[in-house]
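Down below is the structure, laid out as structure tokens.
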Amino acid sequence: MSRVQTSDTVTKGPRIGESALRPDGIPKVKGEFVFSNDLRHPQMLWGGTLRSPHPAARIVSINTAPALKMTGVHAVLSSEDTEGMPLYGLEHPDQPVLADGVVRYQGEPVAIVAADHPENVRLALEAIEVEYELIEPLSDSKLAQEAKAIHPDGNLFRKIDLIYGNSQEDGEIIVEGTYEVGMQDQAPLGTESGMAIPSEDGGVDLFVSTQWLHADRDQVAACLNLPSEKVRLTLAGVGGAFGAREDISLHIHLCLLALRTGKPVKMSYSRTESFHGHVHRHPAQMWYRHHAKSDGTLTRIEARLLLDGGAYASTSSAVLANAACFAAGPYRVPSVQIHGAVVRTNNPPCGAMRGFGCVQVCFAHEAQMDKLAIALGMDPVELRLKNALKSGDQIITGQTITGTAPVAEVIETCAQHPTSVGAASEQMELPGGAGRTADPKNIVRGEAIAVGFKNLMFSEGFDDFSTASCQLLDGVATITCACAEVGQGFVTLAQQIAREILGVEEVILAPASTSNVGSAGSTSASRQTWMSGGAVKSACEEVRIRLLSRIAESHDLDVESLVIVDGGIASLSSNFSISLKEATIESIEVEETYRHMPTHPLDENGQGDAHVSFAFSAHRAVVDVDQELGLIKVVELITSQDVGRVLNPLQLQGQLEGGAAQGLGLAVLEEINVVDGRILNPSFTDYLLPTALDMPPVEIAALIEQPEPNAPFGAKGVGEPPAISSTAAVASAVRNATGLDLQRVPIRPTDIVFSEKSEND
Amino acid sequence: MTSEIYTLTVNGNDYQILDGHPSESLLWVLRERLELSGSKNACEEGECGSCTVLLDGEIVCSCLVLAASAVGREIVTIEGLGSGNEISDVQQAFVDAGAVQCGFCTPGLLVAIDQLLNTNPDPDDLTVREAISGNLCRCTGYGRILEAVRIASNSRTVQNEEEKGK
């Protein structure tokens, strides 16, 4: 194995609260960091996947013989060639490793090939003969529940009827709306890739970019019919994730090919294949009715939510729970009736993406709040402040917020922050940009605020934990944790924590792997700072306790008098001092598992203490719109966020800016266009990501630091909120600029050019 | 399916390409034949800029250039940006400004920005945005990247003034 990254990372430097720099920063800027796409082995074969061109079909026959005979081909496998569990799934195994008799979405894997060169892989894939009998695809999520089942598990993944409060009364003011969110792609720049290497014990080592090594390991082992200790996963350099890597993609395929051929096998998806090869953000259709008193007090919210889960379950069930639990937004509402469903169709499978169910409903509930403000003749900021949740209030699941909830603070600081942009001074800065199509007199400017919130960590009674170990030897701390570093900066934070608690300068991070430590859980749900941060903190604290006790004992000192200072241990009651290096000639090693407080399932009315903690954010967007051409330029984003405590200002800023960019993308650019179950734009030419010219400056109005009780260091996860309220704010600003209703994101040029003005305008 | 032997000049070194197929892209040859995997592949169609290299001083998407067409031209990749073990000012600024998250877009961006600052040491914000608009970044929202360019550009301006003053 020549290029698998196993080298440890060492840095010296700052502690908690400071802008520590990434330990992988230098290798990354030198182009030396090994991403999963860069893995190489002298004996390696290349793997490839034959995918269904049809969204729904019966497989009449598969003939792999012509492909097997071809030059350089070492293996061709279809479902007949697998021996283990034929299905996998993150929450519920319902997705075939390789299609068995039926395909349920365009791009579903049907066969896999290993050959000596990617061109021979391509030719072999073309030579596999598959006879399909086409089925009319179920592509309309509204018809799914009544339609014939397209899977033995049926077409309904989950239904939630959330009933809170008793009142069924109409409010003095009622506003109603129907909203739609398109299918967004996570589009991490690194495509799915990895390498599997067969081992002498009959097992396999898999180097892969993922968000959750241990959950992958368990699914892979089951599908290979191997005990889990014979399947060892190691994190290979991850080129972004954002939810796209929470599910299995090529993992099992790689291992099957490696075990079959006895050789290392590498796969790296093309961009088009990547669009077909991972789950997406759920498209949503939402109907809302808000009731309020004439003074703006919310009295009741009714909503119906329909999410399209696509062909397989993935995390659909948890995404719907989030959509339902957070459907009302961060507001006090005494009575709520929400009917939500997530259904199976022959569309691309949907699952996790940053914001996880909260993005869709935030767009809708904030549009409703704006509509309500207009109906009331009330300032939209004032309306939101009047109803803002605070600590001690109940959310609509009946759960009391026991932690911090600075909703009013994020709204006020965001609303009051001065705007720093004037009118566009150059043609390039107008909507249409380099196209230079804009006539300044047709440009209208708009501005609006939106607020959102989300649960941190896994909910509904899931046994959510992270494991980490800390070894202190010769004054150097080594942290071992299987937390997937996907770009978010956990590697930086783990070092800061170890320095903070142990007073060490050097902190080595062992590779993230299933073979040297227990699960760290998923890098998702804004949970790793809290969970794996908590595990690292506990392990370091226990090492510190043992170290000080040992020193106290061996030198006959009072342990209470010992402090760690300036790289050494000193006694406050005597002249005793010893360097950390000297004190740890004999190693101390501790492994700790961290759990958050238990949560509980939702009951039949969608009620219960299902969540651990909540994080809130507000965005204010300023937009210019070319009404003739329907083009939008977001000129400024202002944000405030509830963060608990800032642990690394620089990395925090990166999360806020990056999340806002993804939110802007969903508002005005990004959509996987699916027609009759087929993706029309699976490429970066046709799926538009925000560029540096699309992305305005993100002004951070305030980071609200109210330490969260029970959270390690008082810090809340910060990754997802920036992607939640940003979409809603941009859409609302476009409504404000144009006076159009705009009930759908992304907002397309035709939505602006051909829409009727809102009745409320 | 082999072609004649040809030679590529990459980061000042000559490399003989022994059994290359004429259809191979420069990106493929750099990554798979020369094992210079700093240039990344994220779209295969010139949209994302992850594979950006310099060809005779001009930025190109190496996925769109046939390797054999680069014979006799100076190719500079991310591996050639610093000098020896020293990283360049822009590379250091990327680390210091927090412009690196997952890092997949980083090499291509660095090549594009290096070329920009070499031709225009003090670009305004819009010029920088336009110059890097062919490089997609999914993690950062570009804020810290723009900051890194400002840091590098300012330090070059100061340096130039000091040199003038000597």
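Identifiers for the structure tokens are assigned positionally: chains receive A, B, ... in sequence, residues are indexed from 1 per chain, and ligands are indexed from 1 in the order shown.
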Requested in this report: Could you please tell me, as a PyMOL selection string, which residues of chain B have an atom within 7 Å of chain A when using only C-alpha atoms?
Outcome: chain B and resi 37-38+42-43+47+78-79+91+95-96+98+100-104+106-107+129-130+132-133+136+138-144
Next, dump the selected residues to file, keeping only N, CA and C atoms, as a compact mmCIF listing (two decimals), in the first residue's frame.
```
# COMPACT_ATOMS: atom_id res chain seq x y z
N SER B 37 -0.78 13.48 -7.53
CA SER B 37 -2.23 13.47 -7.33
C SER B 37 -2.75 14.71 -6.61
N GLY B 38 -1.93 15.76 -6.55
CA GLY B 38 -2.42 17.02 -5.98
C GLY B 38 -3.51 17.64 -6.83
N ALA B 42 -13.04 16.44 -10.04
CA ALA B 42 -14.36 16.46 -9.39
C ALA B 42 -15.51 16.58 -10.38
N CYS B 43 -15.23 16.80 -11.67
CA CYS B 43 -16.37 16.91 -12.59
C CYS B 43 -16.09 16.38 -13.99
N GLU B 47 -15.79 22.28 -15.21
CA GLU B 47 -16.70 23.17 -14.49
C GLU B 47 -16.21 23.52 -13.09
N ILE B 78 0.08 21.99 -8.47
CA ILE B 78 0.15 22.38 -7.06
C ILE B 78 1.48 21.94 -6.43
N GLU B 79 1.98 20.81 -6.89
CA GLU B 79 3.24 20.31 -6.31
C GLU B 79 4.41 21.24 -6.64
N GLN B 91 -0.18 29.78 -0.18
CA GLN B 91 -0.46 28.52 0.54
C GLN B 91 -0.53 28.76 2.05
N VAL B 95 -3.83 28.49 4.92
CA VAL B 95 -3.85 27.83 6.23
C VAL B 95 -4.24 28.83 7.31
N ASP B 96 -3.60 29.98 7.28
CA ASP B 96 -3.81 30.97 8.36
C ASP B 96 -5.21 31.56 8.36
N GLY B 98 -7.97 30.15 7.37
CA GLY B 98 -9.08 29.19 7.47
C GLY B 98 -9.74 28.91 6.14
N VAL B 100 -9.06 26.54 4.18
CA VAL B 100 -9.08 25.10 3.91
C VAL B 100 -10.08 24.43 4.85
N GLN B 101 -11.04 23.74 4.28
CA GLN B 101 -11.84 22.83 5.11
C GLN B 101 -11.57 21.41 4.64
N CYS B 102 -12.43 20.88 3.76
CA CYS B 102 -12.11 19.51 3.30
C CYS B 102 -10.85 19.52 2.46
N GLY B 103 -10.60 20.61 1.74
CA GLY B 103 -9.33 20.76 1.03
C GLY B 103 -9.31 20.21 -0.39
N PHE B 104 -10.43 19.70 -0.86
CA PHE B 104 -10.43 19.08 -2.18
C PHE B 104 -10.27 20.11 -3.29
N THR B 106 -8.81 22.95 -2.85
CA THR B 106 -7.69 23.82 -2.49
C THR B 106 -6.56 23.86 -3.53
N PRO B 107 -6.06 22.72 -4.01
CA PRO B 107 -4.95 22.79 -4.96
C PRO B 107 -5.30 23.60 -6.22
N ARG B 129 -12.89 37.61 -7.21
CA ARG B 129 -14.07 36.74 -7.34
C ARG B 129 -14.19 36.20 -8.76
N GLU B 130 -13.95 37.10 -9.74
CA GLU B 130 -14.06 36.64 -11.12
C GLU B 130 -12.96 35.61 -11.43
N ILE B 132 -11.54 33.50 -9.54
CA ILE B 132 -11.73 32.16 -8.95
C ILE B 132 -13.13 31.62 -9.19
N SER B 133 -13.91 32.30 -10.04
CA SER B 133 -15.28 31.85 -10.24
C SER B 133 -15.35 30.53 -11.01
N LEU B 136 -14.95 25.74 -8.00
CA LEU B 136 -16.03 25.52 -7.04
C LEU B 136 -15.47 25.08 -5.70
N ARG B 138 -17.26 23.77 -2.02
CA ARG B 138 -18.54 23.44 -1.42
C ARG B 138 -18.54 23.67 0.09
N CYS B 139 -17.37 23.80 0.70
CA CYS B 139 -17.31 23.90 2.16
C CYS B 139 -17.35 25.33 2.68
N THR B 140 -16.60 26.22 2.06
CA THR B 140 -16.27 27.48 2.74
C THR B 140 -17.19 28.65 2.43
N GLY B 141 -17.95 28.58 1.33
CA GLY B 141 -18.70 29.77 0.93
C GLY B 141 -17.78 30.88 0.46
N TYR B 142 -16.52 30.57 0.27
CA TYR B 142 -15.48 31.44 -0.32
C TYR B 142 -14.98 32.57 0.60
N GLY B 143 -15.64 32.81 1.72
CA GLY B 143 -15.27 33.96 2.56
C GLY B 143 -13.82 33.93 3.01
N ARG B 144 -13.39 32.78 3.54
CA ARG B 144 -12.00 32.70 4.05
C ARG B 144 -11.01 32.59 2.89
```
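Residues with any atom within 8 Å of Tyr288 in chain A, counting only C-alpha atoms and excluding same-chain neighbours fewer than 3 positions away, are Glu176, Gly177, Thr178, Ile301, Glu302, Ala303, Arg304, Ala364, His365 and Gln368 of chain A.
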Residues from the last selection, C-alpha atoms, saved as a compact mmCIF listing (two decimals), in the first residue's frame:
```txt
# COMPACT_ATOMS: atom_id res chain seq x y z
CA GLU A 176 -52.61 29.86 4.31
CA GLY A 177 -50.00 28.77 1.81
CA THR A 178 -48.66 25.85 -0.17
CA ILE A 301 -50.75 26.12 13.23
CA GLU A 302 -52.04 23.44 10.90
CA ALA A 303 -49.77 21.79 8.39
CA ARG A 304 -49.53 18.88 6.02
CA ALA A 364 -42.43 27.23 4.64
CA HIS A 365 -42.92 28.48 8.22
CA GLN A 368 -46.03 31.96 6.52
```
Please list as a PDB file with C-alpha atoms, in the first residue's frame every residue within 8 Å of Leu90 in chain A, counting only C-alpha atoms and excluding residues in the same chain fewer than 3 positions away.
```pdb
ATOM      1  CA  PRO A  93     -32.185  -2.739   5.529  1.00  0.00           C
ATOM      2  CA  ALA A 215     -22.217   1.930  10.976  1.00  0.00           C
ATOM      3  CA  GLN A 219     -23.622  -3.083   7.221  1.00  0.00           C
ATOM      4  CA  GLU A 246     -23.909   8.817   5.749  1.00  0.00           C
ATOM      5  CA  ASP A 247     -25.241   5.920   3.687  1.00  0.00           C
ATOM      6  CA  ILE A 248     -23.355   3.066   2.045  1.00  0.00           C
ATOM      7  CA  SER A 314     -32.206   5.554   4.098  1.00  0.00           C
ATOM      8  CA  THR A 315     -32.891   8.035   6.950  1.00  0.00           C
TER       9      THR A 315
END
```
- Quick one: everything within 7 Å of Leu27 in chain B, counting only C-alpha atoms, minus sequence neighbours fewer than 3 positions away in the same chain. Send it as number ranges by chain. B: 30-31, 51, 62-63
*Just asking: which residues within range 531-601 of chain A are strand (DSSP E or B) according to DSSP, as a PyMOL selection string?*
chain A and resi 562-565+568-571+577-579+588-595
Hey, what's within 12 Å of Thr119 in chain B if we count only C-alpha atoms and toss same-chain stuff fewer than 4 positions away? As a PyMOL selection string, please? chain B and resi 57-59+112-115+123+127-128+131+153
Surrounding residues of Leu307 in chain A excluding itself and chain neighbours under 3 positions, 8 Å, only C-alpha atoms, as a VMD selection string: chain A and resid 141 282 to 285 320 340 to 343
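Once Asn135 in chain B and its same-chain neighbours fewer than 2 positions away are set aside, Cys48, Gly49, Ser50, Leu109, Ile132, Ser133 and Cys137 of chain B remain within 7 Å of it when counting only C-alpha atoms.
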Just the selected residues (C-alpha atoms), exported as a PDB file, in the first residue's frame, please.
```
ATOM      1  CA  CYS B  48     -15.166  22.824 -11.034  1.00  0.00           C
ATOM      2  CA  GLY B  49     -11.530  23.905 -11.419  1.00  0.00           C
ATOM      3  CA  SER B  50     -10.232  21.225  -9.040  1.00  0.00           C
ATOM      4  CA  LEU B 109      -7.726  27.330  -6.236  1.00  0.00           C
ATOM      5  CA  ILE B 132     -11.726  32.162  -8.954  1.00  0.00           C
ATOM      6  CA  SER B 133     -15.285  31.852 -10.243  1.00  0.00           C
ATOM      7  CA  CYS B 137     -15.726  25.193  -3.278  1.00  0.00           C
TER       8      CYS B 137
END
```
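Nearest to Ala510 in chain A of all the residues A:Gln471, A:Ala67, A:Cys362, A:Pro707 is A:Gln471, counting only C-alpha atoms.
When only C-alpha atoms are used to compute distances to Ile75 in chain B, the closest of the residues B:Leu8, B:Val158, B:Asn41, B:His21 turns out to be B:Leu8.
Minimum distance to Tyr105 in chain A across A:Arg527, A:Arg678, A:Arg546, A:Lys371 (counting only C-alpha atoms) occurs at A:Arg678.
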With distances taken over only C-alpha atoms, the candidate from B:Val29, B:Ile87, B:Ala93, B:Gly108 nearest Gly46 in chain B is B:Gly108
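Here CA of Arg344 in chain A stands at a distance of 17.1 Å from CA of Val181 in chain A.
The smallest atom-to-atom distance between Met531 in chain A and any of A:Asp308, A:Glu366, A:Glu592, A:Asp153, using only C-alpha atoms, is found for A:Glu592.
The two atoms in question, CA of Leu18 in chain B and CA of Leu81 in chain B, are spaced 26.0 Å apart.
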